[in-house]
file model00.cif (mmCIF, C-alpha atoms)
data_protein
loop_
_atom_site.label_atom_id
_atom_site.label_comp_id
_atom_site.auth_asym_id
_atom_site.auth_seq_id
_atom_site.Cartn_x
_atom_site.Cartn_y
_atom_site.Cartn_z
CA MET A 52 -47.54 -11.58 6.89
CA ALA A 53 -49.47 -12.39 3.73
CA ASP A 54 -52.98 -11.04 3.31
CA GLU A 55 -55.59 -13.57 4.28
CA LYS A 56 -57.49 -15.18 1.42
CA GLN A 57 -60.54 -15.98 3.52
CA GLY A 58 -62.76 -13.15 4.74
CA GLY A 59 -62.33 -12.66 8.47
CA GLY A 60 -59.51 -15.17 8.49
CA PHE A 61 -56.24 -14.90 10.36
CA PRO A 62 -53.08 -15.55 8.32
CA ALA A 63 -51.21 -17.67 10.85
CA ASN A 64 -51.71 -20.86 12.81
CA THR A 65 -49.21 -21.32 15.63
CA HIS A 66 -50.31 -24.74 16.89
CA VAL A 67 -50.77 -27.93 14.90
CA HIS A 68 -49.51 -31.46 15.45
CA LEU A 69 -47.66 -33.18 12.62
CA PRO A 70 -47.26 -36.93 12.05
CA PRO A 71 -45.96 -39.07 13.68
CA ASN A 72 -47.80 -37.28 16.51
CA PHE A 73 -51.48 -38.13 16.35
CA SER A 74 -52.71 -35.73 13.71
CA ALA A 75 -55.55 -34.99 11.34
CA PHE A 76 -52.91 -34.59 8.65
CA SER A 77 -51.61 -37.60 6.78
CA SER A 78 -48.26 -35.92 6.18
CA VAL A 79 -46.22 -32.77 6.64
CA ARG A 80 -46.81 -31.94 2.98
CA GLN A 81 -50.58 -32.04 3.44
CA ALA A 82 -50.41 -29.66 6.40
CA VAL A 83 -48.21 -27.19 4.56
CA ASP A 84 -50.22 -27.41 1.34
CA LEU A 85 -53.45 -26.70 3.23
CA ALA A 86 -51.77 -23.74 4.92
CA VAL A 87 -50.69 -22.35 1.55
CA ASP A 88 -54.13 -22.87 0.05
CA ALA A 89 -55.70 -21.03 3.00
CA GLY A 90 -53.36 -18.06 2.65
CA LEU A 91 -51.39 -18.62 5.83
CA SER A 92 -47.91 -17.16 6.07
CA VAL A 93 -46.91 -18.86 9.35
CA LEU A 94 -47.55 -22.44 10.45
CA GLY A 95 -46.44 -23.56 13.90
CA ALA A 96 -45.87 -27.17 14.93
CA SER A 97 -46.22 -28.16 18.59
CA ASN A 98 -45.20 -31.82 18.60
CA TYR A 99 -44.67 -33.91 21.68
CA TYR A 100 -41.07 -34.75 22.59
CA ASP A 101 -39.48 -35.62 19.23
CA PHE A 102 -38.61 -32.98 16.66
CA ARG A 103 -36.88 -34.82 13.83
CA VAL A 104 -39.91 -34.29 11.60
CA TYR A 105 -39.12 -30.57 11.75
CA ARG A 106 -36.32 -31.04 9.21
CA GLU A 107 -38.87 -32.06 6.57
CA PHE A 108 -41.26 -29.39 7.84
CA ALA A 109 -38.64 -26.65 7.47
CA ARG A 110 -37.62 -27.79 4.00
CA TYR A 111 -41.09 -28.11 2.52
CA ALA A 112 -42.49 -25.02 4.23
CA GLY A 113 -39.58 -23.03 2.83
CA GLU A 114 -40.30 -24.35 -0.66
CA ARG A 115 -43.94 -23.27 -0.35
CA GLY A 116 -43.24 -19.84 1.16
CA ILE A 117 -44.52 -20.63 4.65
CA PHE A 118 -42.56 -19.70 7.77
CA PRO A 119 -42.18 -22.87 9.91
CA LEU A 120 -42.55 -21.99 13.58
CA PHE A 121 -41.01 -24.73 15.71
CA GLY A 122 -42.54 -25.64 19.05
CA LEU A 123 -43.45 -28.38 21.45
CA GLU A 124 -46.20 -29.30 23.88
CA ILE A 125 -45.49 -30.62 27.38
CA VAL A 126 -47.76 -32.18 29.97
CA ALA A 127 -46.82 -31.02 33.47
CA ARG A 128 -48.33 -30.90 36.94
CA ASP A 129 -48.45 -28.33 39.71
CA GLU A 130 -48.61 -30.34 42.92
CA GLU A 131 -49.86 -27.46 45.04
CA LEU A 132 -52.77 -26.78 42.69
CA ALA A 133 -53.48 -30.52 42.45
CA GLY A 134 -53.62 -30.76 46.23
CA GLU A 135 -56.10 -27.89 46.34
CA GLY A 136 -58.26 -29.47 43.62
CA VAL A 137 -57.69 -26.54 41.24
CA LEU A 138 -58.34 -27.21 37.56
CA VAL A 139 -55.96 -25.41 35.20
CA ASN A 140 -56.27 -26.11 31.45
CA ASP A 141 -57.22 -29.77 31.63
CA PRO A 142 -60.94 -29.88 32.47
CA GLY A 143 -60.80 -33.22 34.27
CA ASN A 144 -57.53 -33.34 36.22
CA PRO A 145 -56.69 -30.85 38.98
CA GLY A 146 -53.16 -29.51 38.76
CA LYS A 147 -52.53 -30.94 35.29
CA VAL A 148 -51.05 -28.30 33.01
CA TYR A 149 -50.53 -28.27 29.27
CA LEU A 150 -47.64 -25.99 28.39
CA CYS A 151 -46.20 -25.08 25.01
CA GLY A 152 -42.86 -23.80 23.82
CA LYS A 153 -42.71 -21.48 20.81
CA GLY A 154 -39.82 -20.62 18.55
CA ILE A 155 -37.56 -23.42 19.77
CA THR A 156 -34.23 -23.53 17.95
CA ARG A 157 -31.86 -25.75 19.94
CA PHE A 158 -33.56 -29.09 19.34
CA VAL A 159 -31.12 -30.64 16.87
CA GLU A 160 -28.35 -30.63 19.47
CA PRO A 161 -30.18 -30.02 22.77
CA SER A 162 -28.32 -29.00 25.90
CA PRO A 163 -27.53 -31.70 28.49
CA THR A 164 -30.35 -30.36 30.67
CA ALA A 165 -32.88 -30.45 27.82
CA LYS A 166 -31.71 -33.90 26.73
CA ALA A 167 -32.08 -35.25 30.27
CA LEU A 168 -35.58 -33.84 30.64
CA LEU A 169 -36.71 -35.14 27.24
CA THR A 170 -35.25 -38.58 27.98
CA ARG A 171 -37.04 -38.71 31.33
CA ILE A 172 -40.36 -37.59 29.84
CA ARG A 173 -40.18 -40.06 26.95
CA ALA A 174 -39.18 -42.95 29.21
CA GLY A 175 -42.11 -42.27 31.53
CA ASP A 176 -44.52 -41.97 28.63
CA ALA A 177 -43.25 -45.16 27.00
CA LYS A 178 -43.63 -47.15 30.21
CA ARG A 179 -47.15 -45.83 30.74
CA MET A 180 -48.30 -46.54 27.18
CA ALA A 181 -46.85 -50.06 27.22
CA GLU A 182 -48.87 -50.87 30.33
CA MET A 183 -52.04 -49.31 28.89
CA VAL A 184 -51.69 -51.40 25.74
CA ARG A 185 -51.19 -54.52 27.85
CA ARG A 186 -54.37 -53.79 29.81
CA MET A 187 -56.34 -53.01 26.65
CA SER A 188 -55.21 -56.28 25.06
CA ALA A 189 -56.38 -58.18 28.14
CA LEU A 190 -59.77 -56.44 28.09
CA PHE A 191 -60.32 -57.28 24.43
CA GLU A 192 -59.12 -60.84 24.99
CA ASP A 193 -61.63 -61.26 27.82
CA ALA A 194 -64.37 -59.98 25.51
CA GLY A 195 -63.54 -62.64 22.92
CA ILE A 196 -61.58 -60.38 20.57
CA PRO A 197 -57.90 -61.31 20.80
CA THR A 198 -55.79 -58.63 19.14
CA GLY A 199 -52.25 -59.73 19.92
CA LEU A 200 -51.33 -56.05 20.07
CA ALA A 201 -48.32 -54.82 22.02
CA ASP A 202 -46.98 -51.30 22.18
CA ALA A 203 -44.22 -52.14 19.68
CA ASP A 204 -46.84 -53.22 17.12
CA ILE A 205 -48.69 -49.93 17.41
CA ILE A 206 -45.48 -47.91 17.22
CA THR A 207 -44.52 -49.75 14.03
CA ARG A 208 -47.94 -49.05 12.54
CA VAL A 209 -47.69 -45.34 13.38
CA ALA A 210 -44.17 -45.15 11.95
CA ASP A 211 -45.22 -46.91 8.74
CA ASN A 212 -48.15 -44.53 8.27
CA ALA A 213 -45.95 -41.49 8.87
CA GLY A 214 -43.05 -42.82 6.82
CA CYS A 215 -40.54 -42.40 9.62
CA PRO A 216 -38.30 -44.57 11.83
CA VAL A 217 -39.94 -46.12 14.87
CA ASP A 218 -37.79 -44.14 17.29
CA HIS A 219 -39.42 -40.92 16.04
CA VAL A 220 -42.79 -42.05 17.42
CA VAL A 221 -44.09 -40.81 20.76
CA LEU A 222 -47.02 -43.13 21.39
CA GLN A 223 -50.20 -41.34 22.51
CA GLU A 224 -53.56 -42.49 23.84
CA ARG A 225 -55.24 -41.69 20.53
CA HIS A 226 -52.77 -43.91 18.69
CA VAL A 227 -53.67 -46.77 21.02
CA ALA A 228 -57.42 -46.18 20.75
CA ARG A 229 -57.19 -46.14 16.95
CA ALA A 230 -55.16 -49.36 16.88
CA PHE A 231 -57.74 -51.20 18.98
CA GLN A 232 -60.62 -49.75 16.97
CA GLU A 233 -58.95 -51.00 13.79
CA ALA A 234 -58.36 -54.42 15.35
CA LEU A 235 -62.01 -54.52 16.35
CA PHE A 236 -63.23 -53.61 12.87
CA GLU A 237 -60.84 -56.11 11.29
CA SER A 238 -61.99 -58.93 13.55
CA ALA A 239 -63.41 -61.91 11.70
CA ALA A 240 -65.56 -62.95 14.66
CA GLU A 241 -69.20 -63.27 13.62
CA ASP A 242 -70.33 -61.96 16.96
CA ARG A 243 -67.91 -59.04 17.05
CA TRP A 244 -70.72 -56.49 17.36
CA ASP A 245 -72.02 -58.37 20.38
CA ALA A 246 -68.53 -58.06 21.79
CA VAL A 247 -68.52 -54.34 21.00
CA LYS A 248 -71.82 -53.97 22.79
CA ALA A 249 -70.44 -55.83 25.79
CA LEU A 250 -67.27 -53.76 25.77
CA LEU A 251 -68.70 -50.32 25.07
CA GLY A 252 -72.31 -50.62 26.11
CA GLU A 253 -73.49 -49.54 22.67
CA PRO A 254 -77.19 -50.21 22.07
CA VAL A 255 -76.55 -50.76 18.33
CA PRO A 256 -73.42 -51.65 16.39
CA PRO A 257 -71.36 -48.46 16.00
CA ARG A 258 -70.48 -47.55 12.44
CA ARG A 259 -68.08 -44.61 12.58
CA ALA A 260 -64.47 -45.41 13.39
CA GLN A 261 -63.82 -42.16 15.22
CA THR A 262 -66.85 -42.66 17.45
CA VAL A 263 -65.53 -46.05 18.51
CA GLN A 264 -62.05 -44.61 19.08
CA ASN A 265 -63.50 -41.93 21.34
CA ASP A 266 -65.57 -44.52 23.20
CA ILE A 267 -62.51 -46.72 23.72
CA ARG A 268 -60.59 -43.80 25.22
CA SER A 269 -63.40 -42.59 27.47
CA ARG A 270 -64.56 -46.02 28.67
CA PHE A 271 -61.20 -47.70 29.15
CA MET A 272 -58.30 -45.26 29.17
CA LYS A 273 -59.39 -42.28 31.24
CA ALA A 274 -58.89 -41.88 34.99
CA GLY A 275 -60.78 -44.50 36.96
CA ARG A 276 -61.23 -46.77 33.93
CA PRO A 277 -59.79 -50.30 33.68
CA ALA A 278 -56.90 -49.54 31.30
CA PHE A 279 -55.92 -46.25 32.90
CA VAL A 280 -52.33 -45.86 34.08
CA GLU A 281 -51.28 -42.81 36.07
CA GLU A 282 -49.14 -40.34 34.17
CA SER A 283 -45.65 -39.40 35.28
CA TYR A 284 -45.28 -35.64 35.18
CA VAL A 285 -42.56 -33.06 35.16
CA SER A 286 -43.22 -29.96 37.22
CA VAL A 287 -44.32 -26.73 35.57
CA GLU A 288 -40.94 -25.26 36.50
CA GLU A 289 -39.17 -28.13 34.72
CA ALA A 290 -41.41 -27.69 31.68
CA VAL A 291 -40.58 -23.98 31.51
CA LEU A 292 -36.88 -24.82 31.90
CA LEU A 293 -37.08 -27.34 29.06
CA VAL A 294 -38.62 -24.76 26.73
CA ARG A 295 -35.93 -22.23 27.57
CA GLU A 296 -33.14 -24.80 27.20
CA LEU A 297 -34.49 -25.53 23.71
CA GLY A 298 -34.21 -21.83 22.90
CA GLY A 299 -37.95 -21.19 22.99
CA LEU A 300 -40.51 -19.05 24.76
CA PRO A 301 -42.90 -20.72 27.23
CA CYS A 302 -46.53 -20.26 26.23
CA TYR A 303 -49.72 -21.10 28.12
CA PRO A 304 -52.63 -22.66 26.12
CA VAL A 305 -55.83 -20.96 27.29
CA LEU A 306 -58.97 -23.08 27.66
CA ALA A 307 -61.39 -20.35 28.87
CA ASP A 308 -64.97 -21.30 27.90
CA GLY A 309 -63.66 -24.46 26.27
CA ALA A 310 -64.61 -25.90 29.67
CA THR A 311 -67.85 -25.37 31.58
CA PRO A 312 -67.52 -23.77 34.00
CA ILE A 313 -64.33 -21.86 33.26
CA SER A 314 -61.57 -23.27 35.45
CA ARG A 315 -60.66 -21.60 38.71
CA PHE A 316 -57.13 -20.97 37.45
CA GLU A 317 -58.55 -19.09 34.44
CA GLU A 318 -61.59 -17.63 36.22
CA THR A 319 -60.90 -14.12 34.89
CA PRO A 320 -58.34 -12.81 32.39
CA GLU A 321 -56.73 -10.83 35.20
CA ALA A 322 -56.41 -13.88 37.44
CA LEU A 323 -55.04 -15.96 34.57
CA ALA A 324 -52.44 -13.33 33.71
CA GLU A 325 -51.30 -13.18 37.31
CA ASN A 326 -51.19 -16.96 37.64
CA ILE A 327 -49.06 -17.64 34.57
CA ALA A 328 -46.79 -14.68 35.29
CA ARG A 329 -45.82 -16.46 38.51
CA TRP A 330 -44.39 -19.20 36.31
CA GLY A 331 -42.45 -16.65 34.26
CA ILE A 332 -44.75 -17.04 31.25
CA ARG A 333 -45.41 -13.98 29.06
CA HIS A 334 -47.09 -15.69 26.10
CA ALA A 335 -50.50 -17.33 25.79
CA GLU A 336 -52.21 -19.21 23.00
CA PHE A 337 -55.85 -19.80 22.15
CA ILE A 338 -57.48 -22.62 20.24
CA PRO A 339 -60.39 -20.37 19.23
CA ASN A 340 -62.64 -23.10 17.84
CA ARG A 341 -63.60 -23.88 21.43
CA ASN A 342 -64.33 -20.24 22.34
CA GLU A 343 -67.24 -17.88 21.77
CA PRO A 344 -66.08 -14.65 20.07
CA GLU A 345 -66.89 -12.37 23.01
CA VAL A 346 -65.14 -14.65 25.50
CA LEU A 347 -62.14 -14.83 23.19
CA ARG A 348 -62.05 -11.04 22.94
CA ARG A 349 -62.34 -10.58 26.71
CA TYR A 350 -59.50 -12.98 27.47
CA ALA A 351 -57.23 -11.90 24.61
CA PHE A 352 -57.49 -8.22 25.49
CA GLY A 353 -57.30 -8.91 29.21
CA LEU A 354 -54.07 -10.83 28.77
CA ARG A 355 -52.59 -8.26 26.41
CA GLU A 356 -53.34 -5.49 28.88
CA ALA A 357 -51.27 -7.50 31.36
CA ASP A 358 -48.34 -7.45 28.89
CA ILE A 359 -48.88 -11.03 27.73
CA LEU A 360 -48.65 -11.65 23.99
CA VAL A 361 -51.31 -13.90 22.45
CA THR A 362 -51.52 -16.20 19.42
CA ALA A 363 -53.95 -18.73 17.94
CA GLY A 364 -53.88 -22.27 16.59
CA THR A 365 -56.08 -25.25 15.80
CA GLU A 366 -54.20 -28.28 17.21
CA HIS A 367 -55.43 -30.73 14.55
CA ASN A 368 -54.80 -33.52 17.07
CA THR A 369 -57.94 -35.56 16.32
CA PRO A 370 -58.96 -37.41 13.13
CA ASP A 371 -61.19 -34.48 12.06
CA LEU A 372 -59.58 -32.44 9.29
CA ILE A 373 -61.03 -29.10 10.34
CA PRO A 374 -60.13 -25.84 8.53
CA ILE A 375 -56.53 -24.82 9.12
CA VAL A 376 -57.39 -21.13 9.54
CA PRO A 377 -58.17 -20.47 13.22
CA ALA A 378 -61.79 -19.49 13.82
CA CYS A 379 -64.11 -19.22 16.80
CA LYS A 380 -66.62 -21.79 17.95
CA GLY A 381 -68.98 -22.80 15.18
CA GLY A 382 -66.63 -21.47 12.51
CA VAL A 383 -67.34 -17.83 13.39
CA PRO A 384 -64.44 -15.65 12.18
CA ILE A 385 -62.06 -14.27 14.76
CA PRO A 386 -62.99 -10.63 15.48
CA GLU A 387 -60.64 -8.34 13.58
CA ASP A 388 -59.43 -6.51 16.68
CA VAL A 389 -58.53 -9.86 18.25
CA ALA A 390 -56.84 -10.98 15.02
CA ASP A 391 -54.65 -7.88 15.28
CA LEU A 392 -53.46 -9.08 18.70
CA PHE A 393 -52.73 -12.53 17.29
CA ARG A 394 -50.72 -10.99 14.44
CA GLU A 395 -48.66 -9.04 16.94
CA GLY A 396 -48.02 -12.15 19.04
CA THR A 397 -47.12 -14.28 16.04
CA GLU A 398 -44.71 -11.68 14.70
CA ALA A 399 -42.96 -11.63 18.08
CA LEU A 400 -42.52 -15.42 17.96
CA VAL A 401 -41.20 -15.32 14.40
CA THR A 402 -38.75 -12.57 15.34
CA HIS A 403 -37.58 -14.58 18.33
CA GLN A 404 -37.02 -17.74 16.29
CA LYS A 405 -35.18 -15.90 13.53
CA GLY A 406 -32.96 -14.24 16.09
CA THR A 407 -31.98 -17.42 17.91
CA GLU A 408 -32.01 -20.21 15.31
CA GLN A 409 -28.86 -22.22 14.87
#
call {"tool": "encode", "arguments": {"input": "model00.cif", "output": "structure tokens"}}
result
Amino acid sequence: MADEKQGGGFPANTHVHLPPNFSAFSSVRQAVDLAVDAGLSVLGASNYYDFRVYREFARYAGERGIFPLFGLEIVARDEELAGEGVLVNDPGNPGKVYLCGKGITRFVEPSPTAKALLTRIRAGDAKRMAEMVRRMSALFEDAGIPTGLADADIITRVADNAGCPVDHVVLQERHVARAFQEALFESAAEDRWDAVKALLGEPVPPRRAQTVQNDIRSRFMKAGRPAFVEESYVSVEEAVLLVRELGGLPCYPVLADGATPISRFEETPEALAENIARWGIRHAEFIPNRNEPEVLRRYAFGLREADILVTAGTEHNTPDLIPIVPACKGGVPIPEDVADLFREGTEALVTHQKGTEQ
């Protein structure tokens, strides 16, 4: 890997989301250019359920001397843990599990099993998002702000912004929240801020678009809220199978002290290692900007001692264009001994992808 250009930095990022997924980046080129400028040698994409953007990613990353690590993120559910009320790596939903695949290589022509799982996941997501948009439109209409938005309108907007066909878009909650925030800000109604106050309970007119987007999600789209629609999940076993059918390695995203308190599933590094090993998972990933350095060190070394390889990413799945070099909470550099573990884990993923790519 290339030497890092930033003191204390780590020269790889194994988890970002690229457009048309909801992303802080405006384009693949921007993501790769920022990675080059920061001295990264590996950039990993973890998009949801459609991988056609990876062709452009591979081409441009190759031109700029960056290794493109291909991956995906999957939302799954463990029914037994859900029934016991056990939080995993989603701080608000027992049994809900985020799972990643790293070094996937069979996504251009997926196997029949992978194709069937992806089709099922996308169909369930599309149905859910269409109903959420319908409910959001009704809520805004009732508040005196007709938007006329349907899911197809939002998909078209996302595709136009990303410069891709509409069938490449996997609509996400953040896409929907942004579309309704934009409709709200574009409203010509003189009393629109009164409507915002009635909708969101804001004491004063909000000014920042992202704040309003976050409020829309939390007040309308989360569990128990009026526009919420229950997700349809695959099992963890099916998620692991999908990753393997795509030629990748299943990888568990660690939350650790990104939630308070630390989840029961992740209560100690030893317990976490044992829990994910039961699913056949031997790789874990941190998003260190939500972790204190000492907690990161404890979990990274604890997992490595259990023969689980570890890596680090940033996600970049909100509007905030944070630094692309992974760092701990508050921008504190990753401890060098932990960075060594992340280098080892990243090199293993790169070796795997090179050895299995079509």
call {"tool": "resolve_selection", "arguments": {"input": "model00.cif", "expression": "the PyMOL selection byres ((chain A and resi 77) around 12)", "output": "PyMOL selection string"}}
result
chain A and resi 68-76+78-85+209-214+367-372
call {"tool": "write_last_selection", "arguments": {"input": "model00.cif", "atoms": "C-alpha atoms", "output": "compact mmCIF listing (two decimals), keeping the file's coordinate frame"}}
result
# COMPACT_ATOMS: atom_id res chain seq x y z
CA HIS A 68 -49.51 -31.46 15.45
CA LEU A 69 -47.66 -33.18 12.62
CA PRO A 70 -47.26 -36.93 12.05
CA PRO A 71 -45.96 -39.07 13.68
CA ASN A 72 -47.80 -37.28 16.51
CA PHE A 73 -51.48 -38.13 16.35
CA SER A 74 -52.71 -35.73 13.71
CA ALA A 75 -55.55 -34.99 11.34
CA PHE A 76 -52.91 -34.59 8.65
CA SER A 78 -48.26 -35.92 6.18
CA VAL A 79 -46.22 -32.77 6.64
CA ARG A 80 -46.81 -31.94 2.98
CA GLN A 81 -50.58 -32.04 3.44
CA ALA A 82 -50.41 -29.66 6.40
CA VAL A 83 -48.21 -27.19 4.56
CA ASP A 84 -50.22 -27.41 1.34
CA LEU A 85 -53.45 -26.70 3.23
CA VAL A 209 -47.69 -45.34 13.38
CA ALA A 210 -44.17 -45.15 11.95
CA ASP A 211 -45.22 -46.91 8.74
CA ASN A 212 -48.15 -44.53 8.27
CA ALA A 213 -45.95 -41.49 8.87
CA GLY A 214 -43.05 -42.82 6.82
CA HIS A 367 -55.43 -30.73 14.55
CA ASN A 368 -54.80 -33.52 17.07
CA THR A 369 -57.94 -35.56 16.32
CA PRO A 370 -58.96 -37.41 13.13
CA ASP A 371 -61.19 -34.48 12.06
CA LEU A 372 -59.58 -32.44 9.29
call {"tool": "residues_around", "arguments": {"input": "model00.cif", "residues": "Phe102 in chain A", "least_positions_apart": "5", "cutoff": "9 Å", "atoms": "all atoms listed in the file", "output": "ChimeraX atom specification"}}
result
/A:121-123,158-159,219
call {"tool": "axis_aligned_box", "arguments": {"input": "model00.cif", "around": "range 163-173 of chain A", "padding_each_side": "5 Å", "output": "AutoDock Vina command-line options"}}
result
--center_x -33.9 --center_y -35.2 --center_z 29.0 --size_x 22.8 --size_y 19.7 --size_z 14.6
call {"tool": "resolve_selection", "arguments": {"input": "model00.cif", "expression": "the PyMOL selection byres ((chain A and resi 316) around 8)", "output": "PDB file with C-alpha atoms, in the coordinates of the input"}}
result
ATOM      1  CA  VAL A 137     -57.690 -26.540  41.240  1.00  0.00           C
ATOM      2  CA  LEU A 138     -58.340 -27.210  37.560  1.00  0.00           C
ATOM      3  CA  VAL A 139     -55.960 -25.410  35.200  1.00  0.00           C
ATOM      4  CA  ASN A 140     -56.270 -26.110  31.450  1.00  0.00           C
ATOM      5  CA  SER A 314     -61.570 -23.270  35.450  1.00  0.00           C
ATOM      6  CA  ARG A 315     -60.660 -21.600  38.710  1.00  0.00           C
ATOM      7  CA  GLU A 317     -58.550 -19.090  34.440  1.00  0.00           C
ATOM      8  CA  GLU A 318     -61.590 -17.630  36.220  1.00  0.00           C
ATOM      9  CA  ALA A 322     -56.410 -13.880  37.440  1.00  0.00           C
ATOM     10  CA  LEU A 323     -55.040 -15.960  34.570  1.00  0.00           C
ATOM     11  CA  ASN A 326     -51.190 -16.960  37.640  1.00  0.00           C
TER      12      ASN A 326
END
call {"tool": "closest_residue", "arguments": {"input": "model00.cif", "among": "A:Pro62, A:Asp101, A:Gly136, A:Ala290", "to": "Pro384 in chain A", "atoms": "all atoms listed in the file"}}
result
A:Pro62
call {"tool": "resolve_selection", "arguments": {"input": "model00.cif", "expression": "the PyMOL selection byres ((chain A and resi 299) around 12)", "output": "PyMOL selection string"}}
result
chain A and resi 97+120-124+151-158+161+165+290-298+300-302+332+334+399-408
call {"tool": "closest_atom_pairs", "arguments": {"input": "model00.cif", "of": "range 60-111 of chain A", "to": "range 351-362 of chain A", "cutoff": "10 Å", "atoms": "all atoms listed in the file", "output": "Markdown table"}}
result
| residue | atom | partner | partner_atom | distance |
| --- | --- | --- | --- | --- |
| A:Ala63 | CA | A:Thr362 | CA | 8.7 |
| A:Asn64 | CA | A:Thr362 | CA | 8.1 |
| A:Thr65 | CA | A:Thr362 | CA | 6.8 |
| A:His66 | CA | A:Thr362 | CA | 9.0 |
call {"tool": "closest_residue", "arguments": {"input": "model00.cif", "among": "A:Gly381, A:Gly309, A:Pro216, A:Gly116", "to": "Val93 in chain A", "atoms": "all atoms listed in the file"}}
result
A:Gly116
call {"tool": "closest_residue", "arguments": {"input": "model00.cif", "among": "A:Phe271, A:Tyr99, A:Gly396, A:Thr170", "to": "Arg186 in chain A", "atoms": "all atoms listed in the file"}}
result
A:Phe271
call {"tool": "atom_distance", "arguments": {"input": "model00.cif", "atom1": "CA of Asp88 in chain A", "atom2": "CA of Arg110 in chain A"}}
result
17.7 Å
call {"tool": "residues_around", "arguments": {"input": "model00.cif", "residues": "Met187 in chain A", "least_positions_apart": "4", "cutoff": "7 Å", "atoms": "all atoms listed in the file", "output": "mmCIF file with C-alpha atoms, keeping the file's coordinate frame"}}
result
data_model
loop_
_atom_site.group_PDB
_atom_site.id
_atom_site.type_symbol
_atom_site.label_atom_id
_atom_site.label_comp_id
_atom_site.auth_asym_id
_atom_site.auth_seq_id
_atom_site.Cartn_x
_atom_site.Cartn_y
_atom_site.Cartn_z
ATOM 1 C CA MET A 183 -52.040 -49.310 28.890
ATOM 2 C CA PHE A 191 -60.320 -57.280 24.430
ATOM 3 C CA ALA A 278 -56.900 -49.540 31.300
#
call {"tool": "closest_residue", "arguments": {"input": "model00.cif", "among": "A:Leu222, A:Leu190, A:Ile373, A:Ala307", "to": "Ile267 in chain A", "atoms": "all atoms listed in the file"}}
result
A:Leu190
call {"tool": "residues_around", "arguments": {"input": "model00.cif", "residues": "Val383 in chain A", "least_positions_apart": "4", "cutoff": "10 Å", "atoms": "all atoms listed in the file", "output": "ChimeraX atom specification"}}
result
/A:59-60,339-340,342-344,377-379
